[in-house]
Amino acid sequence: MAGGQERVLRRRIKSVQSTKKITRAMELIAATRVAKAQQRANEARPYSEQLTAVIQHLAENGGITDHPLLKPAEDVSKIAYVVIASDRGLAGGYNTSVIRACEREMQAQQLEGVDYALVTVGRKAESYFSYRNYRIHESFEGFSDSPSYEDAVAVGKVVSELYTSEDVQAVVLVYTRFVSMGQQQVAVRRFMPLTGVGQQDDPVGAGAVAPIPGTDDRDAARSQAAYEFEPGPGPILESLLPRYVTARLFAALLDSAASEHASRQRAMKAATDNAEELITKLSRVMNRARQDSITNEIMEVVGGAEALRQSAGDDPDDLLLDNVFPEDPFDHAVHHPHRTSHFSAGDPS
């Protein structure tokens, strides 16, 4: 029984060691990719900041407020939700957090009589909502861990068409914001209409766009200065607003990609540590099983010797000597005096 248990434990230890190698490799890969994703997000940030500043000048100094992307709807009967998840799992609670946040927001709006249109980015989000019979307007997949600007253009085109066609009166963006390697936050933000341009992102219902970091009083005064627009604020705003929507969506995709890799790195590190701990525990159990097996074998040997002693009725030491030194044929006559010897006392030979 102990020997069989030892074989089972050996197989389990070998299996856990194989799993540990896989999780360790995935941890290293995620650590490399999260550095690249963070670098891409940092490189794309200046463009988004400058574009935000230009649109802020156009909206404030040009007096353009009747554009569809800037004019909020008076009566909201349908909201489009853009949820950004990943194409693969093994990322801890990354997918679950963002998907559940979107689902809670949709259910809260449905209780108020507001319908929804769902746009999913990532295979995990699409499978989750389709399995629960949610209506999916459009789904995108295949680029969650490394999005490109063209991917943001494709998603932004679908969302802009939904809003400009007045099929929906608002668009909500649900994604994971990358704060640091150890902290990622789920963000539920109003995406359209673009109210409060140049201000801090607010939760759903307030709407906003991220501010320009690193500005001081002189920069603020310069941003409020008068500008002359050529050919005019209207045409420029018509050209920049779609780019602004794409840039903001691209920033959200990059944040989500960096958050996905960071979450996967932490999850794989935890899995590797758990595998090491499990291997240690199984090794201890296997060593105890081996000791039990050795102890049982010793007890069997001792029990066999005791049984042999009881059956022979002799001292165990005598049995041992008899086994080591076999009976001498010359001692046979000594032990059997009724037998006559071949030698006589007077025979010199």
# chains A, B, ... in the order shown; residues from 1 in each chain; ligands from 1

call {"tool": "residues_around", "arguments": {"residues": "stretch 127-132 of chain A", "least_positions_apart": "6", "cutoff": "10 Å", "atoms": "only C-alpha atoms", "output": "PDB file with C-alpha atoms, in the first residue's frame"}}
result
ATOM      1  CA  ASP A  87      -8.250  37.185 -26.113  1.00  0.00           C
ATOM      2  CA  ASN A  95     -11.088  39.722 -17.558  1.00  0.00           C
ATOM      3  CA  THR A  96     -13.548  39.072 -14.756  1.00  0.00           C
ATOM      4  CA  ILE A  99     -16.579  42.226 -17.729  1.00  0.00           C
ATOM      5  CA  ARG A 100     -18.462  42.283 -14.435  1.00  0.00           C
ATOM      6  CA  GLU A 103     -22.444  43.952 -16.820  1.00  0.00           C
ATOM      7  CA  LEU A 118     -22.699  46.069 -26.869  1.00  0.00           C
ATOM      8  CA  THR A 120     -16.780  43.819 -27.352  1.00  0.00           C
ATOM      9  CA  SER A 139     -17.079  42.120 -31.709  1.00  0.00           C
TER      10      SER A 139
END

call {"tool": "closest_residue", "arguments": {"among": "A:Gly182, A:Gly92, A:Gly113, A:Gly303", "to": "A:Val34", "atoms": "only C-alpha atoms"}}
result
A:Gly182

call {"tool": "residues_around", "arguments": {"residues": "A:Ser146", "least_positions_apart": "2", "cutoff": "10 Å", "atoms": "only C-alpha atoms", "output": "PDB file with C-alpha atoms, in the first residue's frame"}}
result
ATOM      1  CA  ARG A  33       5.621  42.134 -23.010  1.00  0.00           C
ATOM      2  CA  LYS A  36       6.960  46.890 -24.301  1.00  0.00           C
ATOM      3  CA  ALA A  37       3.278  47.698 -23.804  1.00  0.00           C
ATOM      4  CA  ARG A  40       4.091  52.049 -26.331  1.00  0.00           C
ATOM      5  CA  GLY A 142      -7.084  38.990 -32.138  1.00  0.00           C
ATOM      6  CA  PHE A 143      -5.211  42.127 -31.037  1.00  0.00           C
ATOM      7  CA  SER A 144      -5.857  42.566 -27.318  1.00  0.00           C
ATOM      8  CA  SER A 148      -2.327  48.817 -33.390  1.00  0.00           C
ATOM      9  CA  ASP A 151      -7.423  48.430 -34.745  1.00  0.00           C
ATOM     10  CA  LEU A 253      -6.414  49.759 -25.818  1.00  0.00           C
ATOM     11  CA  LEU A 254      -2.778  50.306 -24.883  1.00  0.00           C
ATOM     12  CA  SER A 256      -5.672  47.488 -21.358  1.00  0.00           C
ATOM     13  CA  ALA A 257      -2.829  45.613 -23.067  1.00  0.00           C
ATOM     14  CA  ALA A 258      -0.328  46.723 -20.429  1.00  0.00           C
TER      15      ALA A 258
END

call {"tool": "closest_residue", "arguments": {"among": "A:Val16, A:Met26, A:Ala170, A:Ala41", "to": "A:Tyr81", "atoms": "only C-alpha atoms"}}
result
A:Ala170

call {"tool": "atom_distance", "arguments": {"atom1": "atom CA of A:Gln5", "atom2": "atom CA of A:Ser283"}}
result
12.1 Å

call {"tool": "select_by_dssp", "arguments": {"residues": "stretch 148-202 of chain A", "states": "strand (DSSP E)", "output": "number ranges by chain"}}
result
A: 170-180, 183-192

call {"tool": "select_by_dssp", "arguments": {"residues": "stretch 1-246 of chain A", "states": "alpha helix (DSSP H)", "output": "number ranges by chain"}}
result
A: 2-61, 94-111, 123-131, 149-164, 217-223, 233-246

call {"tool": "closest_residue", "arguments": {"among": "A:Ala152, A:Leu90, A:Val82, A:Val119", "to": "A:Leu173", "atoms": "only C-alpha atoms"}}
result
A:Val82

call {"tool": "residues_around", "arguments": {"residues": "A:Pro242", "least_positions_apart": "6", "cutoff": "12 Å", "atoms": "only C-alpha atoms", "output": "ChimeraX atom specification"}}
result
/A:51,55,67-70,152-161,164,192,194,236,248-249

call {"tool": "closest_residue", "arguments": {"among": "A:Ala275, A:Val179, A:Val285, A:Ile294", "to": "A:Lys14", "atoms": "only C-alpha atoms"}}
result
A:Ala275

call {"tool": "closest_residue", "arguments": {"among": "A:Glu260, A:Asp145, A:Glu230, A:Glu49", "to": "A:Val186", "atoms": "only C-alpha atoms"}}
result
A:Glu260

call {"tool": "atom_distance", "arguments": {"atom1": "atom CA of A:Tyr149", "atom2": "atom CA of A:Gln50"}}
result
16.9 Å

call {"tool": "closest_residue", "arguments": {"among": "A:Arg7, A:Arg190, A:Lys78, A:Arg24", "to": "A:Leu282", "atoms": "only C-alpha atoms"}}
result
A:Arg7
